[in-house]
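entry.cif (mmCIF, N, CA and C atoms)
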data_input
#
loop_
_atom_site.label_atom_id
_atom_site.label_comp_id
_atom_site.auth_asym_id
_atom_site.auth_seq_id
_atom_site.Cartn_x
_atom_site.Cartn_y
_atom_site.Cartn_z
N MET B 1 101.58 113.76 110.08
CA MET B 1 100.60 112.72 109.94
C MET B 1 99.28 113.32 109.48
N GLU B 2 98.56 112.52 108.74
CA GLU B 2 97.27 112.95 108.22
C GLU B 2 96.19 112.01 108.74
N THR B 3 94.95 112.37 108.45
CA THR B 3 93.85 111.45 108.71
C THR B 3 93.26 111.02 107.37
N TYR B 4 92.72 109.83 107.36
CA TYR B 4 92.14 109.25 106.16
C TYR B 4 90.82 108.60 106.55
N GLN B 5 89.78 108.83 105.77
CA GLN B 5 88.47 108.24 106.03
C GLN B 5 88.29 107.03 105.14
N LEU B 6 88.32 105.84 105.72
CA LEU B 6 88.05 104.61 105.00
C LEU B 6 86.54 104.46 104.96
N LYS B 7 85.96 104.60 103.77
CA LYS B 7 84.51 104.70 103.64
C LYS B 7 83.78 103.35 103.79
N HIS B 8 84.44 102.24 103.45
CA HIS B 8 83.80 100.92 103.51
C HIS B 8 84.73 99.92 104.18
N ASP B 9 84.13 98.95 104.85
CA ASP B 9 84.91 97.84 105.37
C ASP B 9 85.64 97.16 104.21
N ILE B 10 86.82 96.61 104.49
CA ILE B 10 87.58 95.86 103.49
C ILE B 10 87.71 94.44 104.00
N LYS B 11 87.20 93.47 103.22
CA LYS B 11 87.30 92.06 103.61
C LYS B 11 88.54 91.47 102.97
N VAL B 12 89.37 90.87 103.82
CA VAL B 12 90.62 90.26 103.37
C VAL B 12 90.69 88.83 103.89
N PHE B 13 91.57 88.04 103.30
CA PHE B 13 91.93 86.75 103.87
C PHE B 13 93.40 86.80 104.18
N CYS B 14 93.83 86.01 105.16
CA CYS B 14 95.17 86.22 105.67
C CYS B 14 95.84 84.95 106.17
N VAL B 15 97.17 85.08 106.34
CA VAL B 15 98.01 84.06 106.93
C VAL B 15 98.75 84.73 108.09
N THR B 16 98.67 84.12 109.27
CA THR B 16 99.34 84.68 110.44
C THR B 16 100.79 84.21 110.48
N ALA B 17 101.70 85.16 110.68
CA ALA B 17 103.13 84.84 110.77
C ALA B 17 103.39 84.01 112.03
N ASP B 18 104.32 83.05 111.93
CA ASP B 18 104.70 82.25 113.09
C ASP B 18 105.37 83.09 114.16
N SER B 19 106.06 84.16 113.73
CA SER B 19 106.72 85.07 114.66
C SER B 19 106.86 86.43 113.98
N PHE B 20 107.15 87.43 114.78
CA PHE B 20 107.38 88.78 114.26
C PHE B 20 108.72 89.27 114.80
N PRO B 21 109.58 89.80 113.94
CA PRO B 21 109.43 90.04 112.50
C PRO B 21 109.91 88.89 111.63
N ASN B 22 110.57 87.89 112.21
CA ASN B 22 111.23 86.86 111.42
C ASN B 22 110.29 86.04 110.54
N GLY B 23 109.06 85.82 110.95
CA GLY B 23 108.14 84.98 110.19
C GLY B 23 107.28 85.71 109.18
N VAL B 24 107.46 87.02 109.06
CA VAL B 24 106.59 87.81 108.19
C VAL B 24 106.73 87.40 106.72
N GLN B 25 107.94 87.30 106.20
CA GLN B 25 108.12 86.96 104.79
C GLN B 25 107.54 85.58 104.48
N ALA B 26 107.71 84.62 105.37
CA ALA B 26 107.15 83.28 105.17
C ALA B 26 105.62 83.33 105.10
N ALA B 27 104.99 84.21 105.89
CA ALA B 27 103.53 84.35 105.86
C ALA B 27 103.09 84.88 104.49
N TYR B 28 103.81 85.87 103.97
CA TYR B 28 103.48 86.39 102.63
C TYR B 28 103.73 85.32 101.57
N ASP B 29 104.80 84.57 101.69
CA ASP B 29 105.10 83.50 100.72
C ASP B 29 103.97 82.48 100.70
N LYS B 30 103.50 82.08 101.87
CA LYS B 30 102.40 81.11 101.95
C LYS B 30 101.11 81.70 101.37
N LEU B 31 100.85 82.96 101.68
CA LEU B 31 99.65 83.63 101.17
C LEU B 31 99.69 83.69 99.64
N TYR B 32 100.81 84.12 99.08
CA TYR B 32 100.94 84.27 97.63
C TYR B 32 100.94 82.91 96.92
N ALA B 33 101.33 81.85 97.60
CA ALA B 33 101.27 80.51 97.02
C ALA B 33 99.83 80.01 96.94
N THR B 34 98.97 80.56 97.79
CA THR B 34 97.56 80.16 97.83
C THR B 34 96.72 80.99 96.86
N ALA B 35 97.02 82.28 96.75
CA ALA B 35 96.26 83.19 95.89
C ALA B 35 97.21 84.22 95.28
N ALA B 36 97.14 84.38 93.99
CA ALA B 36 98.02 85.34 93.30
C ALA B 36 97.69 86.76 93.74
N PRO B 37 98.72 87.55 94.03
CA PRO B 37 98.47 88.91 94.50
C PRO B 37 98.05 89.89 93.39
N GLU B 38 98.20 89.51 92.12
CA GLU B 38 97.85 90.41 91.03
C GLU B 38 96.37 90.79 91.11
N SER B 39 96.10 92.03 90.81
CA SER B 39 94.77 92.64 90.83
C SER B 39 94.08 92.54 92.19
N ARG B 40 94.88 92.53 93.24
CA ARG B 40 94.39 92.59 94.61
C ARG B 40 95.21 93.64 95.36
N THR B 41 94.72 94.04 96.49
CA THR B 41 95.48 94.93 97.35
C THR B 41 96.07 94.11 98.48
N THR B 42 97.33 94.35 98.78
CA THR B 42 98.03 93.65 99.86
C THR B 42 98.00 94.51 101.12
N TYR B 43 97.78 93.86 102.25
CA TYR B 43 97.80 94.53 103.55
C TYR B 43 98.66 93.72 104.51
N GLY B 44 99.16 94.39 105.52
CA GLY B 44 99.77 93.76 106.67
C GLY B 44 98.98 94.23 107.88
N LEU B 45 98.68 93.34 108.79
CA LEU B 45 97.91 93.66 109.98
C LEU B 45 98.71 93.25 111.20
N SER B 46 98.75 94.11 112.21
CA SER B 46 99.53 93.77 113.40
C SER B 46 98.86 94.32 114.66
N LYS B 47 99.14 93.59 115.75
CA LYS B 47 98.59 94.01 117.04
C LYS B 47 99.41 93.34 118.15
N PRO B 48 99.74 94.09 119.20
CA PRO B 48 100.44 93.46 120.31
C PRO B 48 99.51 92.53 121.07
N ASP B 49 100.08 91.40 121.54
CA ASP B 49 99.32 90.44 122.33
C ASP B 49 100.26 89.78 123.33
N LYS B 50 100.08 90.08 124.59
CA LYS B 50 100.88 89.48 125.67
C LYS B 50 102.37 89.61 125.43
N GLY B 51 102.81 90.80 125.05
CA GLY B 51 104.23 91.09 124.91
C GLY B 51 104.84 90.76 123.57
N VAL B 52 104.08 90.17 122.65
CA VAL B 52 104.58 89.91 121.30
C VAL B 52 103.65 90.57 120.29
N ILE B 53 104.14 90.74 119.07
CA ILE B 53 103.31 91.30 118.02
C ILE B 53 102.78 90.17 117.15
N VAL B 54 101.48 90.13 116.98
CA VAL B 54 100.84 89.19 116.06
C VAL B 54 100.74 89.90 114.72
N TYR B 55 101.20 89.23 113.65
CA TYR B 55 101.23 89.83 112.31
C TYR B 55 100.50 88.93 111.34
N LYS B 56 99.65 89.53 110.50
CA LYS B 56 98.91 88.80 109.48
C LYS B 56 99.20 89.41 108.11
N ALA B 57 99.63 88.57 107.17
CA ALA B 57 99.78 88.97 105.77
C ALA B 57 98.41 88.79 105.12
N ALA B 58 97.93 89.79 104.38
CA ALA B 58 96.54 89.75 103.90
C ALA B 58 96.40 90.23 102.46
N LEU B 59 95.39 89.68 101.79
CA LEU B 59 95.00 90.10 100.44
C LEU B 59 93.50 90.34 100.41
N THR B 60 93.07 91.28 99.57
CA THR B 60 91.63 91.52 99.42
C THR B 60 90.98 90.36 98.67
N GLU B 61 89.74 90.10 99.04
CA GLU B 61 88.97 89.08 98.35
C GLU B 61 88.52 89.60 96.99
N LYS B 62 88.47 88.70 96.00
CA LYS B 62 87.92 89.06 94.69
C LYS B 62 86.41 88.84 94.67
N PHE B 63 85.92 87.94 95.54
CA PHE B 63 84.48 87.70 95.65
C PHE B 63 84.18 87.30 97.09
N ASP B 64 82.96 87.55 97.51
CA ASP B 64 82.57 87.27 98.88
C ASP B 64 82.70 85.78 99.17
N GLY B 65 83.38 85.44 100.24
CA GLY B 65 83.56 84.06 100.63
C GLY B 65 84.81 83.40 100.06
N GLU B 66 85.62 84.16 99.32
CA GLU B 66 86.82 83.58 98.72
C GLU B 66 87.79 83.05 99.77
N GLY B 67 88.00 83.80 100.83
CA GLY B 67 88.92 83.37 101.88
C GLY B 67 88.51 82.04 102.49
N GLU B 68 87.22 81.90 102.80
CA GLU B 68 86.73 80.65 103.36
C GLU B 68 86.91 79.52 102.35
N GLN B 69 86.63 79.79 101.08
CA GLN B 69 86.78 78.77 100.04
C GLN B 69 88.24 78.29 99.94
N LEU B 70 89.19 79.21 100.16
CA LEU B 70 90.60 78.86 100.12
C LEU B 70 91.09 78.22 101.43
N GLY B 71 90.22 78.21 102.44
CA GLY B 71 90.59 77.63 103.72
C GLY B 71 91.45 78.55 104.57
N LEU B 72 91.36 79.85 104.31
CA LEU B 72 92.18 80.82 105.05
C LEU B 72 91.32 81.64 106.00
N GLU B 73 91.98 82.18 107.01
CA GLU B 73 91.32 83.09 107.95
C GLU B 73 90.86 84.34 107.21
N THR B 74 89.69 84.85 107.57
CA THR B 74 89.22 86.11 107.01
C THR B 74 89.26 87.18 108.09
N PHE B 75 89.28 88.41 107.64
CA PHE B 75 89.44 89.54 108.55
C PHE B 75 88.77 90.75 107.90
N ILE B 76 88.18 91.60 108.71
CA ILE B 76 87.58 92.84 108.22
C ILE B 76 88.41 94.02 108.71
N ILE B 77 88.90 94.82 107.76
CA ILE B 77 89.51 96.11 108.11
C ILE B 77 88.34 97.09 108.16
N PRO B 78 88.00 97.59 109.35
CA PRO B 78 86.77 98.36 109.49
C PRO B 78 86.85 99.77 108.91
N ALA B 79 85.72 100.19 108.36
CA ALA B 79 85.58 101.57 107.91
C ALA B 79 85.77 102.49 109.10
N GLY B 80 86.14 103.73 108.82
CA GLY B 80 86.31 104.71 109.88
C GLY B 80 87.46 105.63 109.60
N GLU B 81 87.77 106.43 110.59
CA GLU B 81 88.86 107.40 110.47
C GLU B 81 90.16 106.80 110.96
N TYR B 82 91.22 107.01 110.18
CA TYR B 82 92.54 106.48 110.48
C TYR B 82 93.56 107.61 110.48
N SER B 83 94.53 107.50 111.37
CA SER B 83 95.72 108.34 111.31
C SER B 83 96.69 107.58 110.42
N ILE B 84 97.28 108.29 109.43
CA ILE B 84 98.12 107.60 108.45
C ILE B 84 99.43 108.34 108.22
N LYS B 85 100.41 107.57 107.75
CA LYS B 85 101.68 108.14 107.31
C LYS B 85 102.28 107.18 106.29
N SER B 86 102.74 107.72 105.17
CA SER B 86 103.32 106.90 104.10
C SER B 86 104.81 106.71 104.28
N ILE B 87 105.28 105.55 103.83
CA ILE B 87 106.71 105.29 103.70
C ILE B 87 106.95 105.03 102.22
N HIS B 88 107.85 105.82 101.63
CA HIS B 88 108.19 105.65 100.21
C HIS B 88 109.46 104.82 100.10
N ASP B 89 109.58 104.12 98.97
CA ASP B 89 110.70 103.21 98.74
C ASP B 89 110.83 102.28 99.95
N TRP B 90 109.70 101.73 100.34
CA TRP B 90 109.63 100.96 101.59
C TRP B 90 110.52 99.73 101.60
N LYS B 91 110.75 99.12 100.44
CA LYS B 91 111.60 97.92 100.42
C LYS B 91 113.02 98.23 100.87
N ASN B 92 113.46 99.47 100.64
CA ASN B 92 114.79 99.89 101.07
C ASN B 92 114.77 100.70 102.35
N ASN B 93 113.60 100.82 102.96
CA ASN B 93 113.44 101.61 104.18
C ASN B 93 112.66 100.84 105.25
N MET B 94 112.93 99.55 105.35
CA MET B 94 112.20 98.72 106.32
C MET B 94 112.36 99.24 107.75
N GLN B 95 113.49 99.88 108.03
CA GLN B 95 113.75 100.40 109.37
C GLN B 95 112.78 101.53 109.74
N GLN B 96 112.02 102.06 108.78
CA GLN B 96 111.09 103.15 109.05
C GLN B 96 109.75 102.67 109.64
N PHE B 97 109.45 101.38 109.50
CA PHE B 97 108.15 100.89 109.97
C PHE B 97 107.96 101.09 111.47
N GLY B 98 108.93 100.68 112.26
CA GLY B 98 108.81 100.81 113.72
C GLY B 98 108.58 102.24 114.18
N PRO B 99 109.47 103.19 113.80
CA PRO B 99 109.26 104.58 114.23
C PRO B 99 107.97 105.19 113.69
N THR B 100 107.59 104.81 112.47
CA THR B 100 106.36 105.37 111.89
C THR B 100 105.15 104.91 112.69
N PHE B 101 105.07 103.61 112.97
CA PHE B 101 103.93 103.13 113.76
C PHE B 101 103.99 103.67 115.19
N GLN B 102 105.17 103.81 115.76
CA GLN B 102 105.26 104.35 117.12
C GLN B 102 104.70 105.76 117.17
N ALA B 103 105.02 106.57 116.16
CA ALA B 103 104.48 107.94 116.11
C ALA B 103 102.96 107.92 115.96
N LEU B 104 102.44 107.02 115.13
CA LEU B 104 100.99 106.91 114.95
C LEU B 104 100.30 106.44 116.23
N LEU B 105 100.95 105.54 116.95
CA LEU B 105 100.35 105.00 118.18
C LEU B 105 100.33 106.01 119.33
N ASP B 106 101.06 107.09 119.19
CA ASP B 106 101.07 108.13 120.22
C ASP B 106 99.83 109.03 120.15
N ASN B 107 98.97 108.82 119.16
CA ASN B 107 97.77 109.64 119.00
C ASN B 107 96.80 109.35 120.15
N PRO B 108 96.38 110.38 120.91
CA PRO B 108 95.48 110.16 122.04
C PRO B 108 94.08 109.69 121.62
N GLN B 109 93.74 109.82 120.34
CA GLN B 109 92.43 109.38 119.85
C GLN B 109 92.44 107.94 119.34
N LEU B 110 93.54 107.23 119.53
CA LEU B 110 93.71 105.88 119.03
C LEU B 110 92.64 104.93 119.56
N ASP B 111 92.13 104.09 118.68
CA ASP B 111 91.22 103.01 119.06
C ASP B 111 92.09 101.81 119.43
N TRP B 112 92.32 101.60 120.71
CA TRP B 112 93.24 100.56 121.18
C TRP B 112 92.73 99.15 120.91
N GLY B 113 91.47 99.00 120.56
CA GLY B 113 90.94 97.67 120.27
C GLY B 113 91.17 97.24 118.83
N SER B 114 91.65 98.14 118.00
CA SER B 114 91.80 97.83 116.58
C SER B 114 93.22 97.37 116.26
N TRP B 115 93.40 96.88 115.05
CA TRP B 115 94.70 96.43 114.56
C TRP B 115 95.37 97.55 113.77
N CYS B 116 96.68 97.58 113.78
CA CYS B 116 97.43 98.46 112.89
C CYS B 116 97.40 97.84 111.50
N ALA B 117 97.44 98.68 110.47
CA ALA B 117 97.41 98.17 109.10
C ALA B 117 98.49 98.81 108.26
N GLU B 118 99.04 98.00 107.38
CA GLU B 118 99.95 98.48 106.34
C GLU B 118 99.20 98.28 105.03
N TRP B 119 98.99 99.35 104.29
CA TRP B 119 98.29 99.29 103.01
C TRP B 119 99.35 99.46 101.94
N TYR B 120 99.65 98.38 101.23
CA TYR B 120 100.68 98.42 100.19
C TYR B 120 100.05 98.98 98.92
N LYS B 121 100.13 100.31 98.79
CA LYS B 121 99.50 101.02 97.67
C LYS B 121 100.21 100.75 96.35
N SER B 122 101.52 100.56 96.39
CA SER B 122 102.30 100.35 95.17
C SER B 122 103.61 99.69 95.56
N ASP B 123 104.43 99.39 94.56
CA ASP B 123 105.75 98.84 94.84
C ASP B 123 106.64 99.86 95.54
N ASP B 124 106.23 101.13 95.50
CA ASP B 124 107.02 102.19 96.13
C ASP B 124 106.44 102.65 97.47
N GLU B 125 105.12 102.67 97.60
CA GLU B 125 104.50 103.31 98.76
C GLU B 125 103.68 102.35 99.60
N VAL B 126 103.91 102.41 100.90
CA VAL B 126 103.05 101.73 101.86
C VAL B 126 102.50 102.81 102.79
N VAL B 127 101.21 102.69 103.10
CA VAL B 127 100.56 103.62 104.00
C VAL B 127 100.34 102.91 105.33
N CYS B 128 100.96 103.42 106.37
CA CYS B 128 100.79 102.90 107.72
C CYS B 128 99.55 103.55 108.33
N MET B 129 98.69 102.73 108.94
CA MET B 129 97.37 103.20 109.38
C MET B 129 97.04 102.70 110.78
N VAL B 130 96.53 103.59 111.62
CA VAL B 130 95.96 103.18 112.91
C VAL B 130 94.58 103.80 113.02
N LYS B 131 93.63 103.00 113.48
CA LYS B 131 92.23 103.46 113.57
C LYS B 131 92.06 104.37 114.77
N LEU B 132 91.25 105.39 114.56
CA LEU B 132 90.95 106.35 115.62
C LEU B 132 89.56 106.07 116.18
N ASN B 133 89.31 106.49 117.41
CA ASN B 133 87.99 106.33 118.02
C ASN B 133 86.95 107.12 117.23
N GLY B 134 85.74 106.64 117.30
CA GLY B 134 84.65 107.38 116.66
C GLY B 134 84.10 106.62 115.57
#

Just dump the structure as structure tokens.
Amino acid sequence: METYQLKHDIKVFCVTADSFPNGVQAAYDKLYATAAPESRTTYGLSKPDKGVIVYKAALTEKFDGEGEQLGLETFIIPAGEYSIKSIHDWKNNMQQFGPTFQALLDNPQLDWGSWCAEWYKSDDEVVCMVKLNG
């Protein structure tokens, strides 16, 4: 695992999945029906809450206030230091997400108040990220 310094906050708008993992694809479908993913960065955001995982499918805003204009929830991925690990050929390696995040969550410097993030860098690579304290 490596560390990555996210230099600026990233403002996204998102759709919360009805359930995890079964509702994740439907959340992305709804998101993409509202705003085209082209020329944007796609993220997945997750956090445990009372024994279940809350998952948000997210896209970067093209202009400030776009999410509100579309009537969608907005979210800030905060700047700071992250522990990261990439998954390549992720569409054919979905089973790697759980173990990858579990390994990242074992970091004693983890910021437990933050959300886990999936940064879809390309059709081949997703970067799994957990925020560290500091």

* **Of the listed residues B:Pro37, B:Ser122, B:Glu73, B:Lys50, that which approaches Thr16 of chain B most closely, counting only N, CA and C atoms** =>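 Smallest distance to Thr16 of chain B is found for B:Glu73.
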
* Check the smallest atom-to-atom distance from each of B:Gln96, B:Ser86, B:Ser39, B:Ser46 to Glu118 of chain B using all atoms listed in the file, then report the winner. =>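 That would be B:Ser46, the residue with the smallest distance to Glu118 of chain B.
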
* Asked: If you apply the PyMOL selection byres ((chain B and resi 79) around 8) to this file, what residues do you get, as a ChimeraX atom specification?
  -> /B:5-10,76-78,80-82,131,134

* To do: Given the file shown, enumerate the residues that the PyMOL selection byres ((chain B and resi 108-110) around 5) captures and present them as a PyMOL selection string.
  => chain B and resi 106-107+111-112+131-133

* Compare B:Trp90, B:Tyr43, B:Phe20, B:Phe75 by their minimum atom-to-atom distance to Trp119 of chain B, counting only N, CA and C atoms, and give me the closest one. =>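 Result for the nearest residue to Trp119 of chain B: B:Tyr43.
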
* Could you pull out the alpha helix (DSSP H) residues of segment 2-86 of chain B from DSSP and send them as a list in words? -> Val24, Gln25, Ala26, Ala27, Tyr28, Asp29, Lys30, Leu31, Tyr32, Ala33, Thr34, Glu66, Gly67, Glu68, Gln69 and Leu70 of chain B

* Spatial neighbours of Gly67 of chain B, 6.5 Å, all atoms listed in the file, chain gap at least 4 places, as a PyMOL selection string -> chain B and resi 12-14+61+63+71-74

* To do: Please return, as a PyMOL selection string, all polymer residues that have at least one atom within 5 Å of the point (97.1, 106.0, 107.9); use all atoms listed in the file and the file's own coordinate frame.
  => chain B and resi 82-85+128-130

* **Counting all atoms listed in the file, the option among B:Ala26, B:Leu70, B:Leu45, B:Met1 closest to Cys116 of chain B** => B:Leu45

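Between atom CA of Thr100 of chain B and atom CA of Ile87 of chain B lies a distance of 8.2 Å.
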
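Note that atom CA of Thr60 of chain B and atom N of Lys11 of chain B are 6.2 Å apart.
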
* **Point-to-point distance in Å for atom N of Ala117 of chain B and atom N of Lys47 of chain B** =>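 The value is 7.5 Å.
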
Can you tell me, as lines of an AutoDock Vina configuration file, the centre and edge lengths (Å, one decimal) of the axis-aligned box enclosing all of segment 83-91 of chain B's listed atoms after padding each side by 5 Å?
center_x = 103.8
center_y = 103.1
center_z = 105.1
size_x = 28.5
size_y = 20.4
size_z = 22.6

* Per DSSP on the backbone, filter segment 54-127 of chain B down to the residues in strand (DSSP E) and report them as a ChimeraX atom specification. => /B:54-60,73-77,80-88,116-120,125-127

* Show me as number ranges by chain the residues that reach within 10 Å of (102.4, 89.6, 113.6), counting only C-alpha atoms and using the file's own coordinates. => B: 15-24, 27, 44-49, 52-57

I'd like the contact shell of Asp123 of chain B - 8 Å cut-off, only N, CA and C atoms, skipping same-chain residues fewer than 3 positions apart - returned as a PDB file with N, CA and C atoms, keeping the file's coordinate frame.
ATOM      1  N   HIS B  88     107.850 105.820 101.630  1.00  0.00           N
ATOM      2  CA  HIS B  88     108.190 105.650 100.210  1.00  0.00           C
ATOM      3  C   HIS B  88     109.460 104.820 100.100  1.00  0.00           C
ATOM      4  N   ASP B  89     109.580 104.120  98.970  1.00  0.00           N
ATOM      5  CA  ASP B  89     110.700 103.210  98.740  1.00  0.00           C
ATOM      6  C   ASP B  89     110.830 102.280  99.950  1.00  0.00           C
ATOM      7  N   TRP B  90     109.700 101.730 100.340  1.00  0.00           N
ATOM      8  CA  TRP B  90     109.630 100.960 101.590  1.00  0.00           C
ATOM      9  C   TRP B  90     110.520  99.730 101.600  1.00  0.00           C
ATOM     10  N   LYS B  91     110.750  99.120 100.440  1.00  0.00           N
ATOM     11  CA  LYS B  91     111.600  97.920 100.420  1.00  0.00           C
ATOM     12  C   LYS B  91     113.020  98.230 100.870  1.00  0.00           C
ATOM     13  N   TYR B 120      99.650  98.380 101.230  1.00  0.00           N
ATOM     14  CA  TYR B 120     100.680  98.420 100.190  1.00  0.00           C
ATOM     15  C   TYR B 120     100.050  98.980  98.920  1.00  0.00           C
ATOM     16  N   VAL B 126     103.910 102.410 100.900  1.00  0.00           N
ATOM     17  CA  VAL B 126     103.050 101.730 101.860  1.00  0.00           C
ATOM     18  C   VAL B 126     102.500 102.810 102.790  1.00  0.00           C
TER      19      VAL B 126
END
